[in-house]
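Next up, my_file.txt (compact mmCIF, C-alpha atoms (C1' of nucleotides)):
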```
# COMPACT_ATOMS: atom_id res chain seq x y z
CA MET V 1 22.96 18.07 -10.83
CA ALA V 2 21.85 17.11 -14.33
CA ARG V 3 25.49 16.39 -15.17
CA ILE V 4 25.77 13.96 -12.27
CA ALA V 5 22.57 12.18 -13.26
CA LEU V 6 23.64 11.86 -16.88
CA SER V 7 27.05 10.51 -15.86
CA ALA V 8 25.33 7.99 -13.62
CA ALA V 9 22.98 6.86 -16.39
CA LYS V 10 25.73 6.69 -18.99
CA LEU V 11 27.95 4.51 -16.80
CA ALA V 12 25.06 2.29 -15.75
CA VAL V 13 24.10 1.66 -19.39
CA GLU V 14 27.72 0.98 -20.35
CA GLN V 15 28.85 -1.21 -17.48
CA GLY V 16 25.71 -2.29 -15.67
CA LEU V 17 24.22 -1.00 -12.45
CA VAL V 18 26.30 -3.08 -10.06
CA ALA V 19 29.65 -2.26 -11.62
CA THR V 20 28.79 1.44 -11.51
CA THR V 21 29.89 2.66 -8.09
CA VAL V 22 29.19 6.08 -6.66
CA ASP V 23 32.92 6.81 -6.71
CA ARG V 24 33.08 6.20 -10.46
CA ILE V 25 30.00 8.36 -11.06
CA ALA V 26 31.41 11.19 -8.97
CA GLU V 27 34.73 10.93 -10.79
CA ASP V 28 33.02 10.98 -14.17
CA ALA V 29 30.93 14.02 -13.22
CA ARG V 30 34.01 15.73 -11.72
CA VAL V 31 32.51 16.18 -8.27
CA SER V 32 33.35 14.65 -4.92
CA ARG V 33 31.53 11.75 -3.38
CA ALA V 34 30.07 14.08 -0.74
CA THR V 35 28.64 16.34 -3.42
CA PHE V 36 27.00 13.39 -5.12
CA PHE V 37 25.08 12.53 -1.96
CA ARG V 38 24.21 16.19 -1.47
CA TYR V 39 22.16 16.02 -4.68
CA PHE V 40 20.92 12.43 -4.67
CA PRO V 41 19.82 10.26 -1.77
CA SER V 42 21.00 7.10 -3.49
CA LYS V 43 22.92 5.78 -6.45
CA GLU V 44 19.80 4.39 -8.06
CA CYS V 45 17.99 7.70 -7.71
CA ALA V 46 20.70 9.38 -9.77
CA VAL V 47 20.74 6.65 -12.41
CA ALA V 48 16.96 6.68 -12.73
CA ASP V 49 17.02 10.45 -13.02
CA GLY V 50 19.61 10.33 -15.76
CA LEU V 51 17.69 7.67 -17.65
CA THR V 52 14.38 9.52 -17.38
CA ARG V 53 15.42 13.08 -18.23
CA PRO V 54 16.32 12.65 -21.89
CA PHE V 55 13.01 10.91 -22.46
CA LEU V 56 10.59 13.18 -20.62
CA ASP V 57 12.19 16.63 -20.44
CA PRO V 58 11.57 17.24 -24.16
CA VAL V 59 7.93 16.30 -23.68
CA ILE V 60 7.55 18.84 -20.89
CA ASP V 61 9.23 21.51 -23.01
CA ALA V 62 6.94 20.75 -25.93
CA LEU V 63 3.90 20.82 -23.66
CA ALA V 64 4.88 24.22 -22.31
CA ARG V 65 5.16 25.53 -25.86
CA GLN V 66 1.70 24.41 -26.99
CA PRO V 67 -0.68 27.26 -27.90
CA SER V 68 -2.75 28.15 -24.89
CA HIS V 69 -6.09 27.72 -26.63
CA LEU V 70 -5.58 23.94 -27.00
CA PRO V 71 -7.54 21.78 -24.57
CA ALA V 72 -5.43 19.75 -22.15
CA ILE V 73 -5.70 16.41 -23.89
CA GLU V 74 -4.91 17.82 -27.30
CA ALA V 75 -1.90 19.69 -25.95
CA ILE V 76 -0.58 16.53 -24.33
CA LEU V 77 -1.00 14.46 -27.48
CA ALA V 78 0.71 17.16 -29.53
CA ALA V 79 3.57 17.40 -27.03
CA PHE V 80 4.27 13.67 -27.21
CA ASP V 81 4.09 13.80 -30.99
CA GLU V 82 6.50 16.70 -31.25
CA ALA V 83 9.06 15.42 -28.80
CA ALA V 84 10.92 12.70 -30.60
CA CYS V 85 10.83 9.90 -28.09
CA THR V 86 14.50 9.30 -27.61
CA GLN V 87 14.03 6.48 -25.14
CA THR V 88 16.43 3.61 -25.83
CA ARG V 89 15.63 -0.02 -25.24
CA GLU V 90 18.85 -0.37 -23.25
CA ALA V 91 17.68 2.28 -20.79
CA ALA V 92 14.20 0.81 -20.43
CA GLU V 93 15.49 -2.71 -19.97
CA LEU V 94 18.09 -1.63 -17.48
CA THR V 95 15.34 0.03 -15.47
CA ARG V 96 13.09 -2.99 -15.59
CA ALA V 97 15.88 -5.34 -14.54
CA SER V 98 16.34 -3.71 -11.15
CA ALA V 99 13.55 -3.34 -8.61
CA THR V 100 15.32 -0.43 -6.95
CA LEU V 101 15.79 1.37 -10.25
CA SER V 102 12.13 0.82 -11.11
CA ALA V 103 11.02 2.24 -7.80
CA TRP V 104 13.09 5.40 -8.23
CA THR V 105 11.88 5.77 -11.80
CA LEU V 106 8.31 5.77 -10.53
CA SER V 107 9.33 8.43 -8.06
CA HIS V 108 10.66 10.64 -10.86
CA HIS V 109 7.52 9.99 -12.87
CA GLN V 110 5.57 11.42 -9.98
CA ARG V 111 7.61 14.61 -10.27
CA TYR V 112 6.82 14.85 -13.98
CA GLU V 113 3.19 14.20 -13.11
CA GLN V 114 3.13 17.28 -10.92
CA THR V 115 4.75 19.35 -13.66
CA ILE V 116 2.20 18.17 -16.20
CA ALA V 117 -0.63 18.93 -13.78
CA ASP V 118 0.63 22.50 -13.39
CA LEU V 119 0.97 22.95 -17.15
CA ILE V 120 -2.52 21.75 -18.03
CA THR V 121 -4.42 23.44 -15.19
CA PRO V 122 -5.18 26.60 -17.21
CA ARG V 123 -6.43 24.44 -20.08
CA LEU V 124 -9.06 22.55 -18.13
CA THR V 125 -12.79 23.19 -18.25
CA GLU V 126 -15.42 22.62 -15.58
CA THR V 127 -16.29 19.18 -16.87
CA ASP V 128 -12.72 17.86 -16.82
CA ALA V 129 -11.39 15.83 -13.94
CA GLY V 130 -8.75 17.33 -11.64
CA PRO V 131 -5.39 18.16 -13.21
CA ARG V 132 -3.47 15.73 -11.03
CA LEU V 133 -5.77 12.85 -11.94
CA ILE V 134 -5.35 13.58 -15.64
CA ALA V 135 -1.60 13.96 -15.27
CA ALA V 136 -1.47 10.65 -13.39
CA LEU V 137 -3.37 9.04 -16.23
CA VAL V 138 -0.86 10.44 -18.70
CA MET V 139 2.12 9.11 -16.77
CA ALA V 140 0.40 5.75 -16.37
CA ALA V 141 -0.06 5.68 -20.14
CA VAL V 142 3.64 6.40 -20.59
CA ARG V 143 4.58 3.62 -18.23
CA LEU V 144 2.26 1.07 -19.85
CA SER V 145 3.38 2.11 -23.32
CA VAL V 146 7.03 1.51 -22.50
CA GLU V 147 6.07 -1.85 -21.05
CA ASP V 148 4.20 -2.86 -24.21
CA TRP V 149 6.99 -1.51 -26.35
CA LEU V 150 9.54 -3.72 -24.59
CA ASP V 151 7.33 -6.79 -24.72
CA GLN V 152 5.77 -6.51 -28.16
CA GLY V 153 8.20 -4.39 -30.17
CA GLY V 154 7.18 -1.77 -32.71
CA PRO V 155 7.83 1.95 -32.49
CA LEU V 156 7.37 3.53 -29.05
CA PRO V 157 5.55 6.64 -30.37
CA GLN V 158 2.86 4.38 -31.82
CA HIS V 159 2.30 2.64 -28.46
CA LEU V 160 2.25 6.03 -26.76
CA HIS V 161 -0.25 7.48 -29.17
CA ARG V 162 -2.58 4.49 -28.91
CA THR V 163 -2.51 4.33 -25.11
CA LEU V 164 -2.93 8.09 -24.70
CA ARG V 165 -5.84 8.07 -27.15
CA SER V 166 -7.44 5.22 -25.25
CA ALA V 167 -7.10 7.23 -22.06
CA ALA V 168 -8.28 10.46 -23.67
CA CYS V 169 -11.40 9.21 -25.40
CA ARG V 170 -12.86 8.47 -22.04
CA GLN V 171 -13.56 12.18 -21.69
CA MET E 1 7.70 -12.61 4.59
CA ALA E 2 4.62 -10.72 5.73
CA ARG E 3 5.88 -11.08 9.30
CA ILE E 4 9.16 -9.41 8.39
CA ALA E 5 7.40 -6.55 6.62
CA LEU E 6 5.03 -5.97 9.52
CA SER E 7 7.91 -5.98 12.01
CA ALA E 8 9.74 -3.47 9.84
CA ALA E 9 6.72 -1.18 9.60
CA LYS E 10 5.96 -1.45 13.31
CA LEU E 11 9.48 -0.52 14.33
CA ALA E 12 9.69 2.30 11.78
CA VAL E 13 6.46 3.84 13.09
CA GLU E 14 7.59 3.46 16.70
CA GLN E 15 11.18 4.64 16.47
CA GLY E 16 11.53 6.33 13.10
CA LEU E 17 13.05 5.03 9.90
CA VAL E 18 16.68 5.88 10.67
CA ALA E 19 16.72 4.32 14.12
CA THR E 20 15.23 1.14 12.70
CA THR E 21 18.15 -0.96 11.51
CA VAL E 22 17.91 -4.16 9.55
CA ASP E 23 19.39 -6.03 12.50
CA ARG E 24 16.57 -4.85 14.78
CA ILE E 25 13.95 -5.76 12.20
CA ALA E 26 15.42 -9.22 11.72
CA GLU E 27 15.59 -9.72 15.48
CA ASP E 28 11.98 -8.62 15.91
CA ALA E 29 10.81 -10.94 13.13
CA ARG E 30 12.95 -13.79 14.53
CA VAL E 31 14.93 -14.35 11.35
CA SER E 32 18.56 -13.81 10.48
CA ARG E 33 19.88 -10.81 8.67
CA ALA E 34 20.61 -12.97 5.62
CA THR E 35 17.01 -14.14 5.51
CA PHE E 36 15.79 -10.57 5.62
CA PHE E 37 17.75 -9.74 2.47
CA ARG E 38 16.55 -12.92 0.83
CA TYR E 39 13.02 -11.53 0.93
CA PHE E 40 13.58 -7.80 0.57
CA PRO E 41 16.13 -5.93 -1.51
CA SER E 42 16.31 -3.07 0.98
CA LYS E 43 15.19 -1.93 4.38
CA GLU E 44 12.86 0.66 2.92
CA CYS E 45 11.22 -1.92 0.65
CA ALA E 46 10.28 -3.97 3.70
CA VAL E 47 9.00 -0.99 5.65
CA ALA E 48 6.94 0.25 2.70
CA ASP E 49 5.51 -3.23 2.25
CA GLY E 50 4.52 -3.46 5.89
CA LEU E 51 2.93 -0.02 5.80
CA THR E 52 0.99 -0.73 2.60
CA ARG E 53 -0.35 -4.22 3.25
CA PRO E 54 -2.80 -3.44 6.09
CA PHE E 55 -4.27 -0.67 3.97
CA LEU E 56 -4.63 -2.34 0.58
CA ASP E 57 -4.85 -6.08 1.17
CA PRO E 58 -8.39 -5.80 2.57
CA VAL E 59 -9.42 -3.84 -0.52
CA ILE E 60 -8.11 -6.57 -2.79
CA ASP E 61 -9.93 -9.22 -0.74
CA ALA E 62 -13.16 -7.24 -0.92
CA LEU E 63 -12.77 -6.73 -4.66
CA ALA E 64 -12.28 -10.45 -5.21
CA ARG E 65 -15.50 -11.11 -3.28
CA GLN E 66 -17.69 -8.75 -5.32
CA PRO E 67 -20.49 -10.48 -7.28
CA SER E 68 -19.29 -11.16 -10.79
CA HIS E 69 -22.16 -9.37 -12.50
CA LEU E 70 -21.00 -5.97 -11.21
CA PRO E 71 -19.22 -3.75 -13.73
CA ALA E 72 -15.58 -2.99 -12.94
CA ILE E 73 -16.05 0.52 -11.63
CA GLU E 74 -18.93 -0.45 -9.36
CA ALA E 75 -17.01 -3.40 -7.99
CA ILE E 76 -14.04 -1.19 -7.20
CA LEU E 77 -16.15 1.44 -5.47
CA ALA E 78 -17.90 -1.24 -3.44
CA ALA E 79 -14.58 -2.84 -2.49
CA PHE E 80 -13.19 0.43 -1.16
CA ASP E 81 -16.42 1.05 0.73
CA GLU E 82 -16.45 -2.39 2.31
CA ALA E 83 -12.82 -2.47 3.34
CA ALA E 84 -12.55 -0.22 6.34
CA CYS E 85 -9.61 1.96 5.40
CA THR E 86 -7.30 1.25 8.30
CA GLN E 87 -4.58 3.58 7.06
CA THR E 88 -3.10 5.59 9.93
CA ARG E 89 -1.84 9.14 9.60
CA GLU E 90 1.44 8.08 11.21
CA ALA E 91 2.06 5.56 8.47
CA ALA E 92 1.20 7.97 5.67
CA GLU E 93 3.30 10.76 7.10
CA LEU E 94 6.26 8.46 7.70
CA THR E 95 6.06 7.44 4.06
CA ARG E 96 5.86 10.99 2.81
CA ALA E 97 8.79 12.10 4.96
CA SER E 98 11.27 9.82 3.22
CA ALA E 99 11.92 9.93 -0.52
CA THR E 100 13.19 6.37 -0.49
CA LEU E 101 10.12 5.12 1.35
CA SER E 102 7.86 6.96 -1.09
CA ALA E 103 9.62 5.39 -4.04
CA TRP E 104 9.22 1.88 -2.68
CA THR E 105 5.60 2.56 -1.81
CA LEU E 106 4.95 3.46 -5.44
CA SER E 107 6.61 0.23 -6.41
CA HIS E 108 4.23 -1.76 -4.18
CA HIS E 109 1.30 0.22 -5.56
CA GLN E 110 2.31 -1.00 -9.00
CA ARG E 111 2.00 -4.57 -7.72
CA TYR E 112 -1.49 -3.87 -6.42
CA GLU E 113 -2.28 -2.24 -9.75
CA GLN E 114 -1.51 -5.50 -11.55
CA THR E 115 -3.67 -7.44 -9.09
CA ILE E 116 -6.58 -5.07 -9.61
CA ALA E 117 -6.17 -5.30 -13.38
CA ASP E 118 -6.41 -9.09 -13.19
CA LEU E 119 -9.48 -8.95 -10.96
CA ILE E 120 -11.46 -6.54 -13.15
CA THR E 121 -10.56 -8.01 -16.54
CA PRO E 122 -13.62 -10.31 -16.64
CA ARG E 123 -15.88 -7.40 -15.71
CA LEU E 124 -14.89 -5.15 -18.60
CA THR E 125 -16.97 -4.51 -21.71
CA GLU E 126 -15.83 -3.59 -25.22
CA THR E 127 -16.17 0.11 -24.59
CA ASP E 128 -14.01 0.16 -21.45
CA ALA E 129 -10.36 1.10 -21.55
CA GLY E 130 -7.73 -1.58 -20.93
CA PRO E 131 -7.71 -3.16 -17.47
CA ARG E 132 -4.23 -1.90 -16.63
CA LEU E 133 -5.11 1.66 -17.51
CA ILE E 134 -8.19 1.52 -15.28
CA ALA E 135 -6.24 -0.10 -12.48
CA ALA E 136 -3.57 2.59 -12.80
CA LEU E 137 -6.27 5.21 -12.53
CA VAL E 138 -7.58 3.56 -9.37
CA MET E 139 -4.17 3.49 -7.73
CA ALA E 140 -3.55 7.08 -8.76
CA ALA E 141 -6.84 7.98 -7.10
CA VAL E 142 -5.71 6.19 -3.93
CA ARG E 143 -2.42 8.07 -3.92
CA LEU E 144 -4.02 11.46 -4.50
CA SER E 145 -6.68 10.75 -1.90
CA VAL E 146 -4.11 9.99 0.76
CA GLU E 147 -2.27 13.17 -0.20
CA ASP E 148 -5.44 15.28 0.14
CA TRP E 149 -6.32 13.49 3.37
CA LEU E 150 -2.98 14.43 4.91
CA ASP E 151 -3.11 18.02 3.70
CA GLN E 152 -6.76 18.86 4.23
CA GLY E 153 -7.97 16.49 6.92
CA GLY E 154 -11.37 14.83 6.99
CA PRO E 155 -12.07 11.10 6.76
CA LEU E 156 -9.99 9.17 4.24
CA PRO E 157 -12.92 7.11 2.89
CA GLN E 158 -14.63 10.33 1.88
CA HIS E 159 -11.61 11.53 -0.09
CA LEU E 160 -11.32 8.09 -1.67
CA HIS E 161 -14.96 8.00 -2.68
CA ARG E 162 -14.86 11.46 -4.19
CA THR E 163 -11.66 10.92 -6.17
CA LEU E 164 -12.72 7.50 -7.40
CA ARG E 165 -16.11 8.89 -8.48
CA SER E 166 -14.38 11.71 -10.29
CA ALA E 167 -12.25 9.16 -12.12
CA ALA E 168 -15.16 6.84 -12.79
CA CYS E 169 -17.67 9.34 -14.18
CA ARG E 170 -15.33 9.91 -17.09
CA GLN E 171 -16.54 6.61 -18.53
C1' DG P 1 38.47 46.37 -6.89
C1' DC P 2 37.84 44.67 -2.23
C1' DC P 3 35.51 42.86 1.77
C1' DT P 4 32.19 40.01 4.09
C1' DA P 5 28.51 36.67 4.63
C1' DA P 6 26.59 32.78 2.85
C1' DA P 7 26.42 28.96 0.12
C1' DA P 8 28.65 25.13 -2.27
C1' DT P 9 32.23 21.81 -2.30
C1' DG P 10 35.87 18.55 -0.71
C1' DA P 11 38.27 15.36 2.65
C1' DG P 12 37.96 11.79 5.49
C1' DA P 13 36.16 9.00 9.25
C1' DC P 14 32.46 6.19 10.52
C1' DT P 15 28.14 3.08 10.60
C1' DA P 16 24.83 0.49 8.19
C1' DT P 17 23.40 -1.58 3.99
C1' DG P 18 23.57 -5.01 0.73
C1' DT P 19 26.31 -9.18 -1.43
C1' DC P 20 28.48 -13.40 -1.26
C1' DT P 21 30.00 -18.12 0.07
C1' DC P 22 29.49 -21.95 2.47
C1' DG P 23 27.83 -24.96 6.10
C1' DT P 24 23.52 -26.73 8.32
C1' DA P 25 18.79 -28.02 8.94
C1' DG P 26 14.30 -29.12 7.45
C1' DT P 27 11.07 -31.46 3.66
C1' DG P 28 9.25 -34.60 0.43
C1' DA P 29 9.64 -38.63 -2.73
C1' DA P 30 11.46 -43.14 -3.89
C1' DT N 1 16.97 -44.51 5.10
C1' DT N 2 18.76 -41.98 1.29
C1' DC N 3 18.80 -38.54 -2.00
C1' DA N 4 17.77 -34.16 -3.91
C1' DC N 5 16.00 -29.80 -3.06
C1' DT N 6 14.97 -25.72 -0.71
C1' DA N 7 15.20 -22.53 3.16
C1' DC N 8 17.93 -20.65 6.70
C1' DG N 9 22.03 -18.95 9.46
C1' DA N 10 26.92 -17.29 10.19
C1' DG N 11 30.21 -14.35 9.03
C1' DA N 12 33.34 -11.87 5.93
C1' DC N 13 33.40 -8.33 2.67
C1' DA N 14 32.73 -4.11 -0.47
C1' DT N 15 30.13 -0.31 -1.01
C1' DA N 16 26.38 2.86 0.17
C1' DG N 17 25.09 6.54 2.84
C1' DT N 18 25.93 9.98 7.01
C1' DC N 19 28.40 13.24 9.50
C1' DT N 20 31.73 16.98 10.76
C1' DC N 21 34.75 20.36 9.65
C1' DA N 22 37.96 22.88 6.64
C1' DT N 23 38.21 25.16 2.23
C1' DT N 24 36.66 27.27 -1.78
C1' DT N 25 33.44 29.77 -4.53
C1' DT N 26 29.89 33.06 -5.12
C1' DA N 27 26.94 37.15 -4.49
C1' DG N 28 26.34 41.70 -3.15
C1' DG N 29 27.34 46.12 -0.60
C1' DC N 30 30.74 49.64 -0.26
```
Kindly return the structure encoded in the file as C-alpha cells.
Amino acid sequence: MARIALSAAKLAVEQGLVATTVDRIAEDARVSRATFFRYFPSKECAVADGLTRPFLDPVIDALARQPSHLPAIEAILAAFDEAACTQTREAAELTRASATLSAWTLSHHQRYEQTIADLITPRLTETDAGPRLIAALVMAAVRLSVEDWLDQGGPLPQHLHRTLRSAACRQ
Amino acid sequence: MARIALSAAKLAVEQGLVATTVDRIAEDARVSRATFFRYFPSKECAVADGLTRPFLDPVIDALARQPSHLPAIEAILAAFDEAACTQTREAAELTRASATLSAWTLSHHQRYEQTIADLITPRLTETDAGPRLIAALVMAAVRLSVEDWLDQGGPLPQHLHRTLRSAACRQ
DNA sequence: GCCTAAAATGAGACTATGTCTCGTAGTGAA
DNA sequence: TTCACTACGAGACATAGTCTCATTTTAGGC
C-alpha cells in the first residue's frame, strides 16, 4: 500500500502527473492494475498519499513519542520541530498545480487530523477546545505554511513554527 | 456553471452518484458533454459544488451584509444565524459515502475559506490571528458540525453555533 | 508437514471519464 | 459589414475505474 503510493508519487514528480499512468505505477510497484485500484480509488489519491506521507508521517511519530505530561500545544510544536520537514518544493508545487491532486491532499490531511486528535486527547484540559477542532487548526496551519513557503520562500520549518505559534497563542 | 452543478447535485441525490453519468448531467443542464468538462474537471467536482452551494452561498451573502463595525467573530456568528442552514441530510450523507465526493467538497470548502478571509480582513484588530487562519477555523467548525449533526442528530444550526462559539471563545 | 478456509492477487473484458482537435455560432468594437 | 475573440458542440481517442472469475498466498487447526 505504502509502496504503491510512493511509486505513484515518485513517478509523478519525475514525469508529471499526466504522463504517469496507472499501468506505469502498478508496474513500478510490482502489482497488477487490479491491485492498485483495490487500494486506491483513483490515481490522484495514490499520488497525493505518496507525496504526503514522507512529510507528515514523521510528525505523527514524533508526536506519539512526546512525554505524556506535555500539554497538547507544546507537544505539537515539539513534534514539528523534531521531525525534519522533508517536504520538497517539487512535491508541493506538483500538488498545487492540479486541482484533483489538491483535493485528494486535503482528504489525506483530514486523516492526519483525526490521528492528531486521537493523540492529543489525553493531553487536553477542561478549558481547551475539542481535540478535533485543535487538530483541524494544526492541519490548517500546515496547509497555510506550505502555501506561504511556496509564495514567499524561506525555510518551511520557520513558516510552520510562526503559524503554529500564532494559532496556539490564542489559547 | 451554477446550473450544471445544481443539475449534477440534483441527479446525484435522486439516483445516486454512480448512476449519474456525465452525459445525463449535461443533458439535464442542456449543455454538451464538452462544455461540462470545460467548467468542471470531474463529475464529482460538479456534484460536490452543487451540493455545497445552497448551503454556504447564503452564509457568504449574509456575512457580506453584516454592518462593518462588527468584529470578525461576531459577524461570522451572525451570518450563520441569519442564513437558514438549508443543508439536507441526504446531501451530507451522499457526500460522506463517497471518498471522491468528500475530497472535492473539501476543495470547495477551501474556496469558501478564502472568501471568508477576504470578507473579515477589514474587521480584524492587531491582536487577532491572520484572516486565513480564522477562516480555516470557521470552515473546520462547519465540517465538524455537519459530522456531529449526522452522527448525533439534533438541529444543524445548534451544532454550528456551539462549535463556532467553542472556536471563538479562544480569542 | 499437510489440509482447508479465507484472504489477497492477477487477468481480462467492459463502461465511463477525461482530453483533444476542429468546425460553428454568438458578441462586441471599429 | 468585417474582424477578432470567446463560448459551445461534435466526435474520436486514451486512460481511468469497475466487475467477474480463476489463481495464488496466507493463516491456523490437526
* To do: For DG9 of chain N, list every protein, DNA or RNA residue within 10 Å, evaluated using all atoms listed in the file, and leave out those in the same chain fewer than 2 positions away; present the list as a list in words.
  => Val31, Ser32, Arg33, Ala34 and Thr35 of chain E; DG23, DT24 and DA25 of chain P; DA7 and DG11 of chain N
* Please indicate the distance in Å from atom CA of Ile120 of chain E to atom CA of Trp104 of chain E, rounded to one decimal place. => 24.7 Å
* **Distance filter 12 Å, only C-alpha atoms (C1' of nucleotides), chain P against chain E, as a PyMOL selection string** => chain P and resi 15-20
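Interatomic distance, atom CA of Glu93 of chain E to atom C1' of DC14 of chain P: 29.7 Å.
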* For DC3 of chain N, work out the shell of residues within 12 Å, counting only C-alpha atoms (C1' of nucleotides) and skipping chain neighbours fewer than 6 positions away, then give it as a ChimeraX atom specification. => /P:27-30
Next, the residues of the selection above should be written as a compact mmCIF listing (two decimals), in the frame of the given file with C-alpha atoms (C1' of nucleotides).
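Heads up, here's the output in result_38.txt:
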```txt
# COMPACT_ATOMS: atom_id res chain seq x y z
C1' DT P 27 11.07 -31.46 3.66
C1' DG P 28 9.25 -34.60 0.43
C1' DA P 29 9.64 -38.63 -2.73
C1' DA P 30 11.46 -43.14 -3.89
```
* To do: Output the contact residues of chain V with respect to chain E at a cut-off of 7 Å, based on all atoms listed in the file, as a ChimeraX atom specification.
  => /V:103-104,106-107,129,133,136-137,140-141,166-167,170-171
Kindly compute an axis-aligned box around the listed atoms of segment 69-79 of chain E, allowing 3 Å on each side, and express its centre and edge lengths in Å to one decimal as AutoDock Vina command-line options.
```
--center_x -18.1 --center_y -4.0 --center_z -8.1 --size_x 14.1 --size_y 16.8 --size_z 17.2
```
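In this comparison, which uses only C-alpha atoms (C1' of nucleotides), the residue of N:DC30, N:DA16, N:DC5, N:DA10 approaching chain V most closely is N:DA16.
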